>>> print(open('upload.pdb').read())   # PDB, C-alpha atoms
ATOM      1  CA  MET E   1      43.722  63.033 -68.364
ATOM      2  CA  SER E   2      40.228  61.567 -68.659
ATOM      3  CA  LYS E   3      38.465  60.302 -65.573
ATOM      4  CA  LEU E   4      36.273  57.333 -64.804
ATOM      5  CA  GLN E   5      33.285  57.685 -62.504
ATOM      6  CA  LEU E   6      32.440  54.301 -60.996
ATOM      7  CA  PHE E   7      29.723  52.991 -58.707
ATOM      8  CA  LEU E   8      31.482  51.115 -55.909
ATOM      9  CA  GLN E   9      30.133  48.776 -53.271
ATOM     10  CA  PHE E  10      32.278  46.516 -51.125
ATOM     11  CA  GLU E  11      32.191  43.941 -48.396
ATOM     12  CA  GLY E  12      29.791  44.962 -45.654
ATOM     13  CA  HIS E  13      29.155  48.390 -47.209
ATOM     14  CA  ARG E  14      25.575  48.896 -48.452
ATOM     15  CA  ARG E  15      25.981  52.497 -49.506
ATOM     16  CA  ILE E  16      26.656  52.911 -53.222
ATOM     17  CA  GLU E  17      29.714  55.119 -53.535
ATOM     18  CA  LEU E  18      30.408  57.179 -56.626
ATOM     19  CA  ILE E  19      34.186  57.337 -56.992
ATOM     20  CA  GLN E  20      36.418  58.976 -59.563
ATOM     21  CA  LEU E  21      39.662  57.491 -60.843
ATOM     22  CA  ASP E  22      42.058  58.273 -63.642
ATOM     23  CA  HIS E  23      41.234  56.468 -66.857
ATOM     24  CA  ASP E  24      44.478  54.503 -66.733
ATOM     25  CA  SER E  25      44.284  53.572 -63.021
ATOM     26  CA  LEU E  26      45.132  50.033 -62.038
ATOM     27  CA  ALA E  27      42.280  47.936 -60.643
ATOM     28  CA  LEU E  28      44.208  48.006 -57.372
ATOM     29  CA  GLU E  29      42.986  51.585 -56.999
ATOM     30  CA  LEU E  30      39.484  50.192 -56.440
ATOM     31  CA  VAL E  31      40.781  48.343 -53.393
ATOM     32  CA  ASN E  32      42.497  51.489 -52.143
ATOM     33  CA  ALA E  33      39.299  53.472 -52.636
ATOM     34  CA  ALA E  34      37.337  50.860 -50.683
ATOM     35  CA  ILE E  35      39.892  51.005 -47.852
ATOM     36  CA  ARG E  36      39.592  54.793 -47.749
ATOM     37  CA  LEU E  37      35.818  54.368 -47.479
ATOM     38  CA  GLY E  38      35.977  51.831 -44.661
ATOM     39  CA  LEU E  39      37.052  48.411 -45.909
ATOM     40  CA  ALA E  40      39.295  46.826 -43.293
ATOM     41  CA  ASN E  41      42.786  47.556 -44.532
ATOM     42  CA  ASP E  42      44.100  44.306 -43.136
ATOM     43  CA  SER E  43      42.015  42.489 -45.734
ATOM     44  CA  LYS E  44      44.126  39.919 -47.510
ATOM     45  CA  ASP E  45      43.495  38.439 -50.927
ATOM     46  CA  VAL E  46      40.963  41.076 -51.875
ATOM     47  CA  CYS E  47      39.252  40.688 -55.258
ATOM     48  CA  ALA E  48      37.665  43.304 -57.480
ATOM     49  CA  PHE E  49      34.794  42.725 -59.893
ATOM     50  CA  TYR E  50      32.859  44.739 -62.412
ATOM     51  CA  GLY E  51      29.369  44.483 -63.805
ATOM     52  CA  ASP E  52      26.785  42.044 -62.548
ATOM     53  CA  ASP E  53      28.663  38.905 -63.565
ATOM     54  CA  ASP E  54      31.796  36.927 -62.873
ATOM     55  CA  CYS E  55      34.269  39.420 -64.330
ATOM     56  CA  GLU E  56      37.089  39.449 -61.821
ATOM     57  CA  LEU E  57      39.626  42.164 -62.436
ATOM     58  CA  LYS E  58      43.382  41.747 -62.441
ATOM     59  CA  LEU E  59      44.548  44.191 -59.784
ATOM     60  CA  ASP E  60      47.843  44.947 -61.484
ATOM     61  CA  GLU E  61      46.305  45.892 -64.838
ATOM     62  CA  PRO E  62      44.571  49.133 -65.866
ATOM     63  CA  LEU E  63      40.798  49.251 -65.541
ATOM     64  CA  SER E  64      40.430  50.570 -69.066
ATOM     65  CA  LYS E  65      42.166  47.526 -70.530
ATOM     66  CA  GLN E  66      39.801  45.191 -68.708
ATOM     67  CA  GLY E  67      36.578  46.588 -70.101
ATOM     68  CA  VAL E  68      35.727  48.965 -67.271
ATOM     69  CA  ARG E  69      34.085  52.093 -68.626
ATOM     70  CA  ASP E  70      32.693  55.300 -67.189
ATOM     71  CA  ARG E  71      29.697  54.757 -64.872
ATOM     72  CA  HIS E  72      30.223  51.005 -64.626
ATOM     73  CA  ARG E  73      29.586  49.180 -61.371
ATOM     74  CA  VAL E  74      32.505  47.699 -59.453
ATOM     75  CA  HIS E  75      32.795  45.653 -56.286
ATOM     76  CA  VAL E  76      35.586  44.804 -53.855
ATOM     77  CA  HIS E  77      35.409  41.725 -51.635
ATOM     78  CA  ARG E  78      37.532  39.068 -49.982
ATOM     79  CA  CYS E  79      35.363  36.252 -51.354
ATOM     80  CA  ARG E  80      35.263  35.173 -54.972
ATOM     81  CA  LYS E  81      31.900  33.506 -54.430
ATOM     82  CA  ILE E  82      29.053  34.207 -52.023
ATOM     83  CA  LYS E  83      27.048  31.236 -50.819
ATOM     84  CA  VAL E  84      23.421  32.306 -50.826
ATOM     85  CA  THR E  85      20.780  30.352 -48.936
ATOM     86  CA  LEU E  86      17.279  31.136 -50.180
ATOM     87  CA  HIS E  87      13.963  30.257 -48.546
ATOM     88  CA  PHE E  88      10.420  30.348 -49.832
ATOM     89  CA  ASN E  89       7.865  28.693 -47.578
ATOM     90  CA  GLU E  90       9.258  25.179 -47.162
ATOM     91  CA  ILE E  91      11.627  25.409 -50.106
ATOM     92  CA  VAL E  92      15.338  25.907 -49.473
ATOM     93  CA  GLU E  93      17.880  26.445 -52.253
ATOM     94  CA  HIS E  94      21.616  26.960 -52.045
ATOM     95  CA  MET E  95      23.261  28.963 -54.799
ATOM     96  CA  GLU E  96      26.569  30.666 -55.447
ATOM     97  CA  PHE E  97      27.137  34.081 -56.990
ATOM     98  CA  PRO E  98      30.021  36.497 -57.393
ATOM     99  CA  PRO E  99      29.878  39.324 -54.821
ATOM    100  CA  SER E 100      28.969  41.740 -57.614
ATOM    101  CA  ALA E 101      25.702  39.939 -58.394
ATOM    102  CA  THR E 102      22.673  42.060 -57.598
ATOM    103  CA  ILE E 103      19.659  41.130 -55.515
ATOM    104  CA  ASP E 104      17.615  41.295 -58.739
ATOM    105  CA  ARG E 105      19.858  38.690 -60.366
ATOM    106  CA  VAL E 106      19.677  36.403 -57.324
ATOM    107  CA  LYS E 107      15.900  36.698 -57.203
ATOM    108  CA  LYS E 108      15.567  36.025 -60.931
ATOM    109  CA  LYS E 109      17.564  32.807 -60.666
ATOM    110  CA  PHE E 110      15.720  31.691 -57.537
ATOM    111  CA  VAL E 111      12.197  32.252 -58.856
ATOM    112  CA  HIS E 112      13.206  30.426 -62.028
ATOM    113  CA  ALA E 113      14.530  27.521 -59.964
ATOM    114  CA  ILE E 114      11.297  27.211 -57.988
ATOM    115  CA  GLN E 115       9.191  27.757 -61.136
ATOM    116  CA  MET E 116       7.341  30.759 -59.792
ATOM    117  CA  LYS E 117       5.309  32.566 -62.472
ATOM    118  CA  PRO E 118       6.690  36.010 -63.447
ATOM    119  CA  VAL E 119       3.474  37.727 -62.392
ATOM    120  CA  ASP E 120       3.771  36.178 -58.938
ATOM    121  CA  ALA E 121       7.499  36.841 -58.736
ATOM    122  CA  SER E 122       6.893  40.564 -59.243
ATOM    123  CA  GLU E 123       4.785  40.540 -56.090
ATOM    124  CA  HIS E 124       7.628  39.147 -53.968
ATOM    125  CA  VAL E 125      10.951  40.551 -52.763
ATOM    126  CA  LEU E 126      14.045  39.175 -51.075
ATOM    127  CA  GLN E 127      14.504  39.950 -47.400
ATOM    128  CA  LEU E 128      17.479  39.227 -45.155
ATOM    129  CA  CYS E 129      16.740  36.232 -42.923
ATOM    130  CA  GLY E 130      15.730  37.035 -39.382
ATOM    131  CA  CYS E 131      14.907  40.696 -39.921
ATOM    132  CA  SER E 132      12.717  43.037 -41.950
ATOM    133  CA  ASP E 133      15.528  44.422 -44.091
ATOM    134  CA  ARG E 134      14.658  44.303 -47.797
ATOM    135  CA  PRO E 135      17.658  45.405 -49.860
ATOM    136  CA  GLU E 136      16.947  47.255 -53.084
ATOM    137  CA  GLY E 137      17.110  45.151 -56.231
ATOM    138  CA  ASP E 138      20.314  46.767 -57.427
ATOM    139  CA  THR E 139      22.188  46.031 -54.195
ATOM    140  CA  GLN E 140      25.238  43.852 -54.810
ATOM    141  CA  ILE E 141      25.109  40.827 -52.516
ATOM    142  CA  GLY E 142      28.722  41.155 -51.456
ATOM    143  CA  SER E 143      27.725  44.273 -49.549
ATOM    144  CA  LEU E 144      25.315  42.141 -47.498
ATOM    145  CA  ALA E 145      27.568  39.165 -46.910
ATOM    146  CA  SER E 146      29.439  38.620 -43.721
ATOM    147  CA  HIS E 147      32.306  36.269 -44.470
ATOM    148  CA  CYS E 148      31.218  34.567 -47.692
ATOM    149  CA  SER E 149      27.547  33.845 -47.173
ATOM    150  CA  VAL E 150      24.146  35.461 -46.949
ATOM    151  CA  CYS E 151      20.666  34.144 -46.155
ATOM    152  CA  LEU E 152      17.547  35.509 -47.875
ATOM    153  CA  ASP E 153      13.813  34.850 -47.674
ATOM    154  CA  LEU E 154      11.444  35.433 -50.587
ATOM    155  CA  VAL E 155       8.466  37.265 -49.075
ATOM    156  CA  PRO E 156       5.273  38.802 -50.485
ATOM    157  CA  ILE E 157       5.019  42.562 -50.879
ATOM    158  CA  LYS E 158       2.232  43.850 -48.663
ATOM    159  CA  ARG E 159      -0.328  46.331 -49.936
ATOM    160  CA  ILE E 160      -0.181  49.588 -47.990
ATOM    161  CA  GLU E 161      -3.208  49.738 -45.722
ATOM    162  CA  GLY E 162      -4.283  51.064 -42.383
TER     163      GLY E 162
ATOM    164  CA  MET N   1      24.856  78.408 -64.069
ATOM    165  CA  VAL N   2      24.212  76.234 -61.036
ATOM    166  CA  ALA N   3      22.748  78.085 -58.086
ATOM    167  CA  THR N   4      24.686  77.782 -54.836
ATOM    168  CA  ALA N   5      22.794  75.967 -52.114
ATOM    169  CA  THR N   6      22.860  77.983 -48.927
ATOM    170  CA  LEU N   7      20.454  76.259 -46.563
ATOM    171  CA  PRO N   8      21.569  73.142 -44.663
ATOM    172  CA  ASP N   9      18.677  71.019 -45.928
ATOM    173  CA  GLU N  10      19.236  72.243 -49.474
ATOM    174  CA  ARG N  11      22.946  71.421 -49.282
ATOM    175  CA  ALA N  12      22.145  67.990 -47.874
ATOM    176  CA  PHE N  13      19.656  67.331 -50.663
ATOM    177  CA  HIS N  14      22.108  68.305 -53.372
ATOM    178  CA  ALA N  15      24.782  66.108 -51.791
ATOM    179  CA  ASP N  16      22.281  63.251 -51.756
ATOM    180  CA  ILE N  17      21.361  63.522 -55.424
ATOM    181  CA  GLU N  18      25.014  63.713 -56.391
ATOM    182  CA  ALA N  19      25.772  60.546 -54.439
ATOM    183  CA  GLY N  20      25.880  56.981 -55.718
ATOM    184  CA  ALA N  21      22.374  55.705 -54.984
ATOM    185  CA  PHE N  22      20.587  58.526 -56.817
ATOM    186  CA  GLN N  23      23.092  58.657 -59.656
ATOM    187  CA  LEU N  24      22.932  54.890 -60.198
ATOM    188  CA  GLY N  25      19.173  55.230 -60.628
ATOM    189  CA  VAL N  26      19.757  57.980 -63.192
ATOM    190  CA  CYS N  27      22.329  55.830 -64.977
ATOM    191  CA  MET N  28      19.892  52.905 -65.081
ATOM    192  CA  GLY N  29      17.100  55.095 -66.456
ATOM    193  CA  LYS N  30      14.934  54.721 -63.364
ATOM    194  CA  TRP N  31      14.550  58.422 -62.631
ATOM    195  CA  ARG N  32      15.893  61.866 -63.459
ATOM    196  CA  LEU N  33      15.978  65.196 -61.733
ATOM    197  CA  VAL N  34      13.885  67.678 -63.702
ATOM    198  CA  GLU N  35      14.358  70.827 -61.650
ATOM    199  CA  THR N  36      14.829  72.085 -58.122
ATOM    200  CA  HIS N  37      13.322  75.239 -56.738
ATOM    201  CA  TRP N  38      14.077  74.854 -53.077
ATOM    202  CA  PRO N  39      12.496  73.267 -51.095
ATOM    203  CA  ILE N  40      10.760  71.733 -54.078
ATOM    204  CA  ALA N  41      12.384  69.143 -56.345
ATOM    205  CA  TYR N  42      10.699  67.819 -59.475
ATOM    206  CA  ILE N  43      11.768  64.270 -60.286
ATOM    207  CA  ALA N  44      10.498  62.093 -63.140
ATOM    208  CA  VAL N  45      10.241  58.340 -62.528
ATOM    209  CA  ALA N  46      10.156  55.833 -65.387
ATOM    210  CA  ALA N  47       7.152  53.547 -65.785
ATOM    211  CA  SER N  48       6.651  50.318 -67.700
ATOM    212  CA  CYS N  49       5.027  50.629 -71.102
ATOM    213  CA  ARG N  50       1.225  50.500 -70.933
ATOM    214  CA  ASP N  51      -1.382  51.501 -73.524
ATOM    215  CA  GLY N  52      -2.229  55.186 -73.237
ATOM    216  CA  ALA N  53       0.180  55.780 -70.381
ATOM    217  CA  PRO N  54       3.321  57.944 -70.292
ATOM    218  CA  GLN N  55       6.858  56.588 -70.129
ATOM    219  CA  GLU N  56       7.427  58.502 -66.922
ATOM    220  CA  PHE N  57       5.530  60.356 -64.216
ATOM    221  CA  CYS N  58       6.700  63.603 -62.678
ATOM    222  CA  PHE N  59       6.594  64.050 -58.908
ATOM    223  CA  ARG N  60       6.781  67.252 -56.904
ATOM    224  CA  PHE N  61       8.828  66.547 -53.787
ATOM    225  CA  ASP N  62       8.757  68.944 -50.849
ATOM    226  CA  CYS N  63      12.122  68.318 -49.200
ATOM    227  CA  SER N  64      11.971  70.826 -46.336
ATOM    228  CA  GLY N  65      14.158  69.705 -43.458
ATOM    229  CA  PHE N  66      15.937  67.072 -45.558
ATOM    230  CA  PRO N  67      17.216  64.562 -44.599
ATOM    231  CA  SER N  68      16.140  64.398 -40.950
ATOM    232  CA  ALA N  69      12.578  65.050 -42.107
ATOM    233  CA  ALA N  70      11.162  62.753 -44.763
ATOM    234  CA  PRO N  71      10.075  64.314 -48.049
ATOM    235  CA  THR N  72       6.474  64.368 -49.191
ATOM    236  CA  ALA N  73       5.565  63.901 -52.840
ATOM    237  CA  MET N  74       2.620  64.351 -55.171
ATOM    238  CA  LEU N  75       1.966  63.629 -58.836
ATOM    239  CA  TRP N  76       2.693  66.703 -60.896
ATOM    240  CA  ASP N  77       1.943  68.002 -64.367
ATOM    241  CA  TYR N  78       5.250  69.704 -65.044
ATOM    242  CA  GLU N  79       4.206  71.392 -68.284
ATOM    243  CA  CYS N  80       1.077  72.930 -66.776
ATOM    244  CA  LYS N  81       2.748  73.537 -63.389
ATOM    245  CA  GLN N  82      -0.111  72.026 -61.416
ATOM    246  CA  ALA N  83      -1.215  68.820 -59.770
ATOM    247  CA  LEU N  84      -1.647  66.015 -62.295
ATOM    248  CA  ALA N  85      -5.254  65.440 -63.344
ATOM    249  CA  VAL N  86      -6.644  62.327 -61.672
ATOM    250  CA  ALA N  87      -7.492  60.773 -65.037
ATOM    251  CA  ARG N  88      -3.743  60.651 -65.725
ATOM    252  CA  TRP N  89      -2.776  59.073 -62.412
ATOM    253  CA  PRO N  90      -1.232  55.590 -62.356
ATOM    254  CA  ASN N  91      -3.701  52.801 -61.755
ATOM    255  CA  GLY N  92      -3.434  49.130 -61.036
ATOM    256  CA  ALA N  93      -4.954  46.036 -59.545
ATOM    257  CA  SER N  94      -4.149  46.438 -55.876
ATOM    258  CA  ARG N  95      -0.855  47.879 -54.654
ATOM    259  CA  VAL N  96      -0.676  50.768 -57.124
ATOM    260  CA  PRO N  97      -4.092  52.332 -56.412
ATOM    261  CA  ALA N  98      -3.412  51.855 -52.687
ATOM    262  CA  VAL N  99      -0.509  54.315 -52.965
ATOM    263  CA  PHE N 100      -1.781  56.746 -55.636
ATOM    264  CA  ARG N 101      -4.997  57.730 -53.884
ATOM    265  CA  PRO N 102      -6.834  60.905 -54.966
ATOM    266  CA  ASP N 103      -9.077  60.519 -51.896
ATOM    267  CA  TRP N 104      -6.114  60.726 -49.493
ATOM    268  CA  LYS N 105      -5.302  64.307 -48.406
ATOM    269  CA  GLU N 106      -6.897  65.433 -51.678
ATOM    270  CA  GLY N 107      -4.089  63.814 -53.619
ATOM    271  CA  SER N 108      -1.432  66.036 -52.072
ATOM    272  CA  CYS N 109       0.839  63.147 -51.023
ATOM    273  CA  LEU N 110       1.457  59.489 -51.728
ATOM    274  CA  TYR N 111       0.051  56.908 -49.336
ATOM    275  CA  LEU N 112       3.465  55.566 -48.364
ATOM    276  CA  PRO N 113       5.093  55.056 -44.971
ATOM    277  CA  CYS N 114       8.174  56.983 -46.167
ATOM    278  CA  ASP N 115       6.069  60.083 -46.906
ATOM    279  CA  ARG N 116       6.317  62.831 -44.280
ATOM    280  CA  VAL N 117       2.619  63.732 -44.404
ATOM    281  CA  SER N 118       1.152  60.261 -44.797
ATOM    282  CA  ILE N 119       3.072  58.735 -41.888
ATOM    283  CA  GLU N 120       1.348  61.124 -39.464
ATOM    284  CA  GLY N 121      -1.196  59.245 -37.384
ATOM    285  CA  HIS N 122      -0.246  55.853 -38.785
ATOM    286  CA  HIS N 123       1.244  54.483 -35.580
ATOM    287  CA  ASN N 124       1.040  50.926 -36.902
ATOM    288  CA  TRP N 125       3.106  51.557 -40.039
ATOM    289  CA  PRO N 126       6.597  51.409 -38.487
ATOM    290  CA  SER N 127       5.917  47.876 -37.280
ATOM    291  CA  GLU N 128       3.872  46.747 -40.298
ATOM    292  CA  TYR N 129       6.104  48.245 -42.998
ATOM    293  CA  PRO N 130       9.538  48.592 -41.388
ATOM    294  CA  SER N 131      11.384  48.483 -44.701
ATOM    295  CA  LEU N 132       9.386  51.488 -45.956
ATOM    296  CA  GLN N 133      10.198  53.822 -43.075
ATOM    297  CA  TRP N 134      12.067  56.940 -44.047
ATOM    298  CA  SER N 135      15.808  56.650 -43.507
ATOM    299  CA  PRO N 136      18.055  59.737 -43.756
ATOM    300  CA  THR N 137      21.011  57.513 -44.579
ATOM    301  CA  ARG N 138      19.205  55.892 -47.526
ATOM    302  CA  GLY N 139      18.082  59.276 -48.785
ATOM    303  CA  ILE N 140      15.674  60.252 -51.549
ATOM    304  CA  ALA N 141      16.585  57.120 -53.541
ATOM    305  CA  MET N 142      14.638  54.926 -51.110
ATOM    306  CA  TYR N 143      11.414  56.886 -51.780
ATOM    307  CA  LEU N 144      12.109  56.806 -55.524
ATOM    308  CA  GLU N 145      12.860  53.073 -55.464
ATOM    309  CA  GLU N 146       9.426  52.420 -54.016
ATOM    310  CA  ILE N 147       7.669  54.539 -56.657
ATOM    311  CA  HIS N 148       9.750  52.973 -59.431
ATOM    312  CA  SER N 149       8.991  49.493 -58.138
ATOM    313  CA  LEU N 150       5.247  50.189 -58.204
ATOM    314  CA  LEU N 151       5.305  51.722 -61.690
ATOM    315  CA  ASN N 152       7.218  48.733 -63.027
ATOM    316  CA  SER N 153       5.278  45.971 -61.304
ATOM    317  CA  SER N 154       2.714  43.627 -62.784
ATOM    318  CA  ASP N 155       0.182  45.424 -60.571
ATOM    319  CA  TYR N 156       0.558  48.623 -62.625
ATOM    320  CA  LYS N 157      -2.026  48.757 -65.429
ATOM    321  CA  GLY N 158      -1.591  52.245 -66.886
ATOM    322  CA  VAL N 159      -3.507  55.434 -66.121
ATOM    323  CA  ARG N 160      -6.970  55.816 -64.614
ATOM    324  CA  GLY N 161      -8.444  57.395 -67.715
ATOM    325  CA  GLY N 162      -6.542  55.162 -70.128
TER     326      GLY N 162
END
>>> encode(input="upload.pdb", output="structure tokens")
Amino acid sequence: MSKLQLFLQFEGHRRIELIQLDHDSLALELVNAAIRLGLANDSKDVCAFYGDDDCELKLDEPLSKQGVRDRHRVHVHRCRKIKVTLHFNEIVEHMEFPPSATIDRVKKKFVHAIQMKPVDASEHVLQLCGCSDRPEGDTQIGSLASHCSVCLDLVPIKRIEG
Amino acid sequence: MVATATLPDERAFHADIEAGAFQLGVCMGKWRLVETHWPIAYIAVAASCRDGAPQEFCFRFDCSGFPSAAPTAMLWDYECKQALAVARWPNGASRVPAVFRPDWKEGSCLYLPCDRVSIEGHHNWPSEYPSLQWSPTRGIAMYLEEIHSLLNSSDYKGVRGG
């Protein structure tokens, strides 16, 4: 039987896990994999997503029949939407994304909203509010969200000196 | 035939490059493992298209003591099996030449806080660049993400002799 290798992140879990499932596995197996890797197994109403968009999977249907292919990205979370608060200087924006949206996607939408030039945007990164943690661009925001929200600052990238 | 890793740091490195973060980068075309000859790993990192510049740069990583010890990396001419000629080094407006410095340790390492050799003596770097400190849990992908980010930024202008 053919296998699917999938990149999995889930609620509160930054590490990108590479999991292997049977080609005809139900999407529910993603939830079980996340539980084995540390997702609280008392989680109710857990959702699974794939890709970088709003594609929510039906847990009782096979992955292969829902467009999930080998080496796709998947995400497991209790929230269907993550409320993202974004700051840049005095500007504050509130946006919503599926948990599977990446930091790159969030940044792209934010810099567009504040009309920052692309050349300037490439010299800024998103950082978690109140700390120096700068998640990589391909981090899915659900892995950063406690409950259903996350707060991010757009900050300049400093030249290495000293 | 794949050689069997026998040393603890070698085993840890191979586990790291088989894990999700590194493999996602491979899947996204950000980097690829060229060869390992322990404790050396040759990894090519993709760069944005610039006139006269290559599509990727090869780096020679010394991963001794991985992952408790950070790796150290230098630009490498894989075909000629020697350090890359300075004329073929990446260049840029500000952040790129600050990292790819032929005048720093004779070009034997990148001027990055996550580099094992460069961090020595830079007591201010952990507080000034906390997100760029080496992290065993983030693994080699964190070093590669930083290189990839530089080589795909608006700051990157091609090669020195281009």
>>> resolve_selection(input="upload.pdb", expression="the PyMOL selection byres ((chain E) within 7 of (chain N))", output="short mmCIF file (atom, residue, chain, number, x, y, z; two decimals) with C-alpha atoms, in the coordinates of the input")
data_model
loop_
_atom_site.label_atom_id
_atom_site.label_comp_id
_atom_site.auth_asym_id
_atom_site.auth_seq_id
_atom_site.Cartn_x
_atom_site.Cartn_y
_atom_site.Cartn_z
CA PHE E 7 29.72 52.99 -58.71
CA ILE E 16 26.66 52.91 -53.22
CA GLU E 17 29.71 55.12 -53.54
CA LEU E 18 30.41 57.18 -56.63
CA VAL E 119 3.47 37.73 -62.39
CA SER E 122 6.89 40.56 -59.24
CA SER E 132 12.72 43.04 -41.95
CA ASP E 133 15.53 44.42 -44.09
CA ARG E 134 14.66 44.30 -47.80
CA ARG E 159 -0.33 46.33 -49.94
CA ILE E 160 -0.18 49.59 -47.99
#
>>> resolve_selection(input="upload.pdb", expression="the PyMOL selection byres ((chain N and resi 50) around 9)", output="short mmCIF file (atom, residue, chain, number, x, y, z; two decimals) with C-alpha atoms, keeping the file's coordinate frame")
data_model
loop_
_atom_site.label_atom_id
_atom_site.label_comp_id
_atom_site.auth_asym_id
_atom_site.auth_seq_id
_atom_site.Cartn_x
_atom_site.Cartn_y
_atom_site.Cartn_z
CA ALA N 47 7.15 53.55 -65.78
CA SER N 48 6.65 50.32 -67.70
CA CYS N 49 5.03 50.63 -71.10
CA ASP N 51 -1.38 51.50 -73.52
CA GLY N 52 -2.23 55.19 -73.24
CA ALA N 53 0.18 55.78 -70.38
CA PRO N 54 3.32 57.94 -70.29
CA GLN N 55 6.86 56.59 -70.13
CA TYR N 156 0.56 48.62 -62.62
CA LYS N 157 -2.03 48.76 -65.43
CA GLY N 158 -1.59 52.24 -66.89
CA VAL N 159 -3.51 55.43 -66.12
#
>>> atom_distance(input="upload.pdb", atom1="CA of Ile82 (chain E)", atom2="CA of Cys148 (chain E)")
4.9 Å
>>> axis_aligned_box(input="upload.pdb", around="region 95-107 of chain N", padding_each_side="3 Å", output="lines of an AutoDock Vina configuration file")
center_x = -4.8
center_y = 56.7
center_z = -52.8
size_x = 14.6
size_y = 23.6
size_z = 14.7
>>> atom_distance(input="upload.pdb", atom1="CA of Ala113 (chain E)", atom2="CA of Arg73 (chain E)")
26.4 Å
>>> resolve_selection(input="upload.pdb", expression="the PyMOL selection byres ((chain E and resi 59) around 6)", output="PyMOL selection string")
chain E and resi 27-28+57-58+60-61
>>> atom_distance(input="upload.pdb", atom1="CA of Ala93 (chain N)", atom2="CA of Arg160 (chain N)")
11.2 Å
>>> closest_residue(input="upload.pdb", among="N:Arg60, N:Arg88, N:Arg11, N:Arg116", to="Pro102 (chain N)", atoms="only C-alpha atoms")
N:Arg88
>>> closest_residue(input="upload.pdb", among="N:Leu110, N:Leu7, N:Cys58, N:Ile119", to="Trp38 (chain N)", atoms="all atoms listed in the file")
N:Leu7
>>> residues_around(input="upload.pdb", residues="region 35-44 of chain E", least_positions_apart="6", cutoff="9 Å", atoms="all atoms listed in the file", output="PyMOL selection string")
chain E and resi 10-13+17+76-78
>>> closest_residue(input="upload.pdb", among="N:Glu106, N:Ala69, N:Asp9, N:Trp134", to="Ala85 (chain N)", atoms="all atoms listed in the file")
N:Glu106
